[in-house]
$ cat data_1.txt   # compact mmCIF, C-alpha atoms
# COMPACT_ATOMS: atom_id res chain seq x y z
CA GLU A 121 2.63 -16.63 -19.88
CA HIS A 122 3.78 -18.89 -22.66
CA PRO A 123 2.94 -17.45 -26.08
CA ILE A 124 2.69 -20.92 -27.61
CA ARG A 125 -0.07 -22.20 -25.31
CA GLU A 126 -3.50 -21.94 -26.87
CA ARG A 127 -5.04 -20.27 -23.82
CA ASP A 128 -2.31 -17.63 -23.63
CA LEU A 129 -2.39 -17.12 -27.37
CA SER A 130 -6.14 -16.39 -27.18
CA HIS A 131 -5.39 -13.34 -25.01
CA TYR A 132 -3.65 -11.80 -28.01
CA HIS A 133 -6.11 -12.98 -30.66
CA PHE A 134 -9.18 -11.77 -28.79
CA PHE A 135 -7.60 -8.77 -27.07
CA GLU A 136 -10.06 -6.15 -28.33
CA LYS A 137 -13.17 -8.27 -27.75
CA TYR A 138 -11.95 -9.31 -24.32
CA HIS A 139 -11.37 -5.72 -23.21
CA ALA A 140 -14.62 -4.52 -24.75
CA PHE A 141 -16.52 -6.88 -22.44
CA LEU A 142 -14.10 -6.74 -19.49
CA ASP A 143 -16.62 -4.97 -17.26
CA ARG A 144 -18.96 -7.94 -17.69
CA VAL A 145 -16.25 -10.49 -16.94
CA VAL A 146 -14.62 -8.83 -13.93
CA GLU A 147 -16.58 -7.86 -10.85
CA PRO A 148 -16.17 -4.27 -9.68
CA VAL A 149 -13.70 -3.67 -6.88
CA PRO A 150 -15.51 -3.03 -3.59
CA ILE A 151 -12.88 -0.53 -2.41
CA LYS A 152 -13.20 3.16 -3.06
CA ARG A 153 -10.39 5.66 -3.00
CA TRP A 154 -12.32 7.93 -0.64
CA ALA A 155 -13.65 5.29 1.75
CA LYS A 156 -13.75 6.23 5.44
CA ASN A 157 -10.30 4.89 6.43
CA SER A 158 -8.68 4.82 3.01
CA VAL A 159 -6.42 7.83 3.56
CA LYS A 160 -5.21 6.56 6.94
CA GLN A 161 -4.48 3.10 5.54
CA THR A 162 -2.75 4.16 2.33
CA HIS A 163 -0.85 7.23 3.55
CA PRO A 164 2.21 5.36 4.96
CA GLY A 165 2.84 3.51 1.69
CA LEU A 166 2.45 6.62 -0.43
CA PHE A 167 4.61 8.64 1.96
CA MET A 168 7.42 6.06 1.87
CA GLY A 169 7.04 5.78 -1.91
CA LEU A 170 7.45 9.54 -2.28
CA LEU A 171 10.51 9.55 -0.03
CA LEU A 172 12.22 6.57 -1.64
CA ASN A 173 11.27 7.09 -5.28
CA HIS A 174 11.33 10.86 -5.58
CA TYR A 175 13.20 12.65 -2.82
CA MET A 176 15.96 10.07 -2.39
CA TYR A 177 17.25 10.85 -5.87
CA ARG A 178 17.45 14.56 -5.24
CA GLU A 179 20.90 15.93 -4.60
CA GLY A 180 21.95 16.09 -0.97
CA ASN A 181 19.30 13.80 0.54
CA GLY A 182 21.43 10.67 0.75
CA ASN A 183 19.98 7.21 1.15
CA LEU A 184 16.57 7.76 2.76
CA TYR A 185 16.28 4.10 3.76
CA PHE A 186 18.38 5.07 6.78
CA GLY A 187 16.63 6.84 9.62
CA ASP A 188 19.34 9.43 10.25
CA ASN A 189 19.22 10.59 6.63
CA ALA A 190 15.43 10.70 6.78
CA GLU A 191 15.64 12.80 9.94
CA GLU A 192 17.88 15.33 8.17
CA PHE A 193 15.45 15.28 5.23
CA ALA A 194 12.47 15.95 7.54
CA ASP A 195 14.28 18.96 9.01
CA SER A 196 15.04 20.45 5.59
CA VAL A 197 11.93 19.67 3.51
CA ASP A 198 9.22 22.20 2.77
CA GLU A 199 6.24 20.67 4.61
CA ALA A 200 3.66 22.56 2.56
CA GLN A 201 5.16 21.31 -0.71
CA LEU A 202 5.35 17.73 0.61
CA SER A 203 1.71 17.86 1.74
CA GLU A 204 0.71 19.19 -1.66
CA GLN A 205 2.53 16.32 -3.36
CA MET A 206 0.83 13.83 -1.05
CA LEU A 207 -2.58 15.33 -1.86
CA GLY A 208 -1.78 15.02 -5.55
CA MET A 209 -0.97 11.34 -5.11
CA PHE A 210 -4.46 10.75 -3.73
CA GLY A 211 -5.99 12.41 -6.77
CA ASP A 212 -7.84 15.68 -7.18
CA PRO A 213 -8.24 16.97 -3.61
CA THR A 214 -11.09 19.28 -4.63
CA ASP A 215 -13.23 16.19 -5.21
CA HIS A 216 -13.16 15.37 -1.50
CA GLU A 217 -11.93 18.36 0.46
CA GLU A 218 -12.78 16.72 3.79
CA PHE A 219 -9.83 14.37 3.29
CA SER A 220 -7.25 17.06 2.55
CA GLY A 221 -7.00 17.88 6.26
CA ASP A 222 -6.40 14.19 7.02
CA VAL A 223 -3.61 14.01 4.44
CA GLU A 224 -1.95 17.13 5.82
CA ASP A 225 -2.22 15.88 9.42
CA LEU A 226 -0.84 12.44 8.54
CA THR A 227 2.03 13.99 6.58
CA ARG A 228 2.91 16.29 9.48
CA GLU A 229 2.73 13.30 11.86
CA ALA A 230 5.00 11.19 9.63
CA LEU A 231 7.59 13.97 9.42
CA SER A 232 7.46 14.37 13.19
CA GLN A 233 8.05 10.63 13.62
CA LEU A 234 11.07 10.82 11.32
CA ARG A 235 12.50 13.57 13.51
CA LEU A 236 11.75 12.07 16.92
CA ASP A 237 12.21 8.31 16.58
CA ASP A 238 15.70 6.85 16.73
CA ASP A 239 15.17 3.66 14.72
CA GLN A 240 17.96 2.82 12.28
CA TRP A 241 15.50 2.35 9.39
CA THR A 242 13.09 4.94 8.06
CA SER A 243 10.30 2.37 7.82
CA GLY A 244 10.75 1.63 11.52
CA ARG A 245 10.28 5.27 12.42
CA ILE A 246 6.85 5.49 10.84
CA LYS A 247 4.36 3.98 13.26
CA ARG A 248 1.76 2.92 10.73
CA SER A 249 3.21 0.38 8.35
CA PRO A 250 2.34 0.43 4.64
CA MET A 251 -0.38 -1.95 3.48
CA ARG A 252 1.02 -5.18 2.13
CA SER A 253 -2.30 -6.59 0.92
CA LEU A 254 -6.00 -5.80 0.99
CA ARG A 255 -6.17 -7.91 4.14
CA ASP A 256 -4.48 -4.98 5.91
CA VAL A 257 -7.66 -2.90 5.54
CA ASP A 258 -9.00 -4.21 8.83
CA GLU A 259 -7.42 -5.56 11.96
CA GLN A 260 -6.55 -9.25 11.70
CA LEU A 261 -8.55 -11.73 13.72
CA PRO A 262 -6.60 -14.51 15.40
CA ILE A 263 -7.42 -17.98 14.13
CA ARG A 264 -6.83 -20.74 16.63
CA SER A 265 -7.29 -24.44 16.22
CA GLU A 266 -9.51 -26.10 18.74
CA TYR A 267 -8.70 -29.42 20.35
CA ARG A 268 -11.47 -31.30 18.49
CA TYR A 269 -9.83 -30.47 15.16
CA ARG A 270 -6.48 -31.91 16.17
CA GLU A 271 -7.01 -35.11 14.18
CA ILE A 272 -7.57 -33.09 10.99
CA PHE A 273 -4.31 -31.22 11.45
CA GLU A 274 -2.42 -34.43 12.24
CA THR A 275 -3.82 -35.99 9.08
CA LEU A 276 -2.72 -32.99 7.01
CA ASP A 277 0.74 -33.05 8.60
CA ASN A 278 1.19 -36.75 7.75
CA ARG A 279 0.38 -36.30 4.05
$ encode --input "data_1.txt" --output "structure tokens"
Amino acid sequence: EHPIRERDLSHYHFFEKYHAFLDRVVEPVPIKRWAKNSVKQTHPGLFMGLLLNHYMYREGNGNLYFGDNAEEFADSVDEAQLSEQMLGMFGDPTDHEEFSGDVEDLTREALSQLRLDDDQWTSGRIKRSPMRSLRDVDEQLPIRSEYRYREIFETLDNR
């Protein structure tokens, strides 16, 4: 943003009015926190976030980016406390108790992977990778060019 541009300046001048009518301007997000696969898709990112932003700065854990340190951490951590923290990151677990078992199972599985895998990096030990965009919600479909479109691609390449 450039505070001198008229468009950017209008964000400050009309801040209250803009936010009062924001729900009319912005379409609602079609993703719900408690959707069918939401816990499975978001668990790896939240788990790594908890490890790297909370536990790594505790005394004695070392750099949890490295798999060997994460393995030592997995052997020493209180699994019940870690599961409780993970549940808290998803929100109030009493709202959707059917997902609390999923969170506990996924947390136990992630800790087991930290112990058993021998990858150098912690992120490589966890089999499900964290979401990098909302496109990661579903499995990607391969997109292939067909021979009849070759001229279009050649034209674009020559631009």
$ residues_around --input "data_1.txt" --residues "Ser243 in chain A" --least-positions-apart "5" --cutoff "9 Å" --atoms "all atoms listed in the file" --output "ChimeraX atom specification"
/A:168,185-187,249-250
$ atom_distance --input "data_1.txt" --atom1 "CA of Asn157 in chain A" --atom2 "CA of Glu191 in chain A"
27.3 Å
$ atom_distance --input "data_1.txt" --atom1 "CA of Val223 in chain A" --atom2 "CA of Ser158 in chain A"
10.6 Å
$ atom_distance --input "data_1.txt" --atom1 "CA of Met251 in chain A" --atom2 "CA of Glu147 in chain A"
22.4 Å
$ axis_aligned_box --input "data_1.txt" --around "range 188-201 of chain A" --padding-each-side "3 Å" --output "JSON"
{"center_x": 11.5, "center_y": 16.0, "center_z": 4.8, "size_x": 21.7, "size_y": 19.1, "size_z": 17.0}
$ closest_residue --input "data_1.txt" --among "A:Glu274, A:Arg252, A:Phe210, A:Thr242" --to "Asn183 in chain A" --atoms "only C-alpha atoms"
A:Thr242
$ closest_residue --input "data_1.txt" --among "A:Lys156, A:Lys137, A:Arg125, A:His131" --to "His216 in chain A" --atoms "only C-alpha atoms"
A:Lys156
$ closest_residue --input "data_1.txt" --among "A:Thr227, A:Asn278, A:Val197, A:Glu192" --to "Arg248 in chain A" --atoms "all atoms listed in the file"
A:Thr227
$ residues_near_point --input "data_1.txt" --point "(9.4, 7.4, 11.3)" --cutoff "6 Å" --atoms "only C-alpha atoms" --output "list in words"
Gln233, Leu234, Thr242, Gly244, Arg245 and Ile246 of chain A
$ closest_residue --input "data_1.txt" --among "A:Phe141, A:Phe167, A:Gln201, A:Met176" --to "Leu231 in chain A" --atoms "only C-alpha atoms"
A:Phe167
$ decode --input "data_1.txt" --residues "range 192-214 of chain A" --atoms "N, CA, C and O atoms" --output "compact mmCIF listing (two decimals), in the first residue's frame"
# COMPACT_ATOMS: atom_id res chain seq x y z
N GLU A 192 13.71 -37.27 20.15
CA GLU A 192 13.92 -37.16 21.60
C GLU A 192 12.73 -36.45 22.26
O GLU A 192 12.28 -36.83 23.34
N PHE A 193 12.23 -35.41 21.59
CA PHE A 193 11.07 -34.68 22.09
C PHE A 193 9.86 -35.61 22.20
O PHE A 193 9.16 -35.64 23.21
N ALA A 194 9.62 -36.41 21.15
CA ALA A 194 8.46 -37.31 21.13
C ALA A 194 8.54 -38.34 22.25
O ALA A 194 7.51 -38.76 22.80
N ASP A 195 9.76 -38.75 22.61
CA ASP A 195 9.93 -39.72 23.69
C ASP A 195 9.69 -39.10 25.06
O ASP A 195 9.31 -39.80 26.00
N SER A 196 9.89 -37.79 25.18
CA SER A 196 9.81 -37.15 26.50
C SER A 196 8.51 -36.37 26.74
O SER A 196 8.20 -36.05 27.89
N VAL A 197 7.74 -36.07 25.70
CA VAL A 197 6.57 -35.21 25.86
C VAL A 197 5.41 -35.97 26.49
O VAL A 197 5.27 -37.18 26.32
N ASP A 198 4.59 -35.25 27.20
CA ASP A 198 3.36 -35.80 27.77
C ASP A 198 2.31 -35.81 26.66
O ASP A 198 1.80 -34.76 26.27
N GLU A 199 1.99 -37.01 26.15
CA GLU A 199 1.07 -37.12 25.01
C GLU A 199 -0.30 -36.54 25.31
O GLU A 199 -0.91 -35.92 24.45
N ALA A 200 -0.79 -36.75 26.51
CA ALA A 200 -2.11 -36.25 26.88
C ALA A 200 -2.14 -34.72 26.84
O ALA A 200 -3.09 -34.11 26.33
N GLN A 201 -1.08 -34.10 27.34
CA GLN A 201 -1.01 -32.64 27.34
C GLN A 201 -0.91 -32.11 25.91
O GLN A 201 -1.55 -31.14 25.55
N LEU A 202 -0.10 -32.78 25.07
CA LEU A 202 0.04 -32.37 23.68
C LEU A 202 -1.28 -32.50 22.94
O LEU A 202 -1.67 -31.60 22.18
N SER A 203 -2.00 -33.59 23.16
CA SER A 203 -3.31 -33.77 22.52
C SER A 203 -4.28 -32.69 22.97
O SER A 203 -5.07 -32.18 22.16
N GLU A 204 -4.22 -32.35 24.24
CA GLU A 204 -5.11 -31.30 24.77
C GLU A 204 -4.79 -29.95 24.12
O GLU A 204 -5.70 -29.19 23.77
N GLN A 205 -3.51 -29.67 23.93
CA GLN A 205 -3.13 -28.42 23.26
C GLN A 205 -3.60 -28.43 21.80
O GLN A 205 -4.06 -27.42 21.29
N MET A 206 -3.47 -29.57 21.14
CA MET A 206 -3.92 -29.66 19.76
C MET A 206 -5.44 -29.45 19.67
O MET A 206 -5.91 -28.73 18.80
N LEU A 207 -6.18 -30.04 20.59
CA LEU A 207 -7.63 -29.83 20.61
C LEU A 207 -7.97 -28.37 20.81
O LEU A 207 -8.88 -27.84 20.18
N GLY A 208 -7.22 -27.71 21.68
CA GLY A 208 -7.44 -26.29 21.92
C GLY A 208 -7.17 -25.44 20.69
O GLY A 208 -7.81 -24.41 20.47
N MET A 209 -6.23 -25.87 19.87
CA MET A 209 -5.92 -25.12 18.65
C MET A 209 -7.06 -25.22 17.63
O MET A 209 -7.25 -24.33 16.81
N PHE A 210 -7.82 -26.30 17.68
CA PHE A 210 -8.96 -26.44 16.78
C PHE A 210 -10.18 -25.68 17.29
O PHE A 210 -11.16 -25.54 16.59
N GLY A 211 -10.13 -25.22 18.50
CA GLY A 211 -11.26 -24.49 19.06
C GLY A 211 -11.85 -25.26 20.22
O GLY A 211 -11.21 -26.15 20.78
N ASP A 212 -13.06 -24.96 20.59
CA ASP A 212 -13.71 -25.61 21.71
C ASP A 212 -14.11 -27.03 21.31
O ASP A 212 -15.02 -27.22 20.50
N PRO A 213 -13.43 -28.04 21.84
CA PRO A 213 -13.72 -29.41 21.43
C PRO A 213 -15.10 -29.90 21.84
O PRO A 213 -15.61 -30.85 21.27
N THR A 214 -15.73 -29.24 22.82
CA THR A 214 -17.07 -29.67 23.22
C THR A 214 -18.11 -29.32 22.17
O THR A 214 -19.20 -29.89 22.17
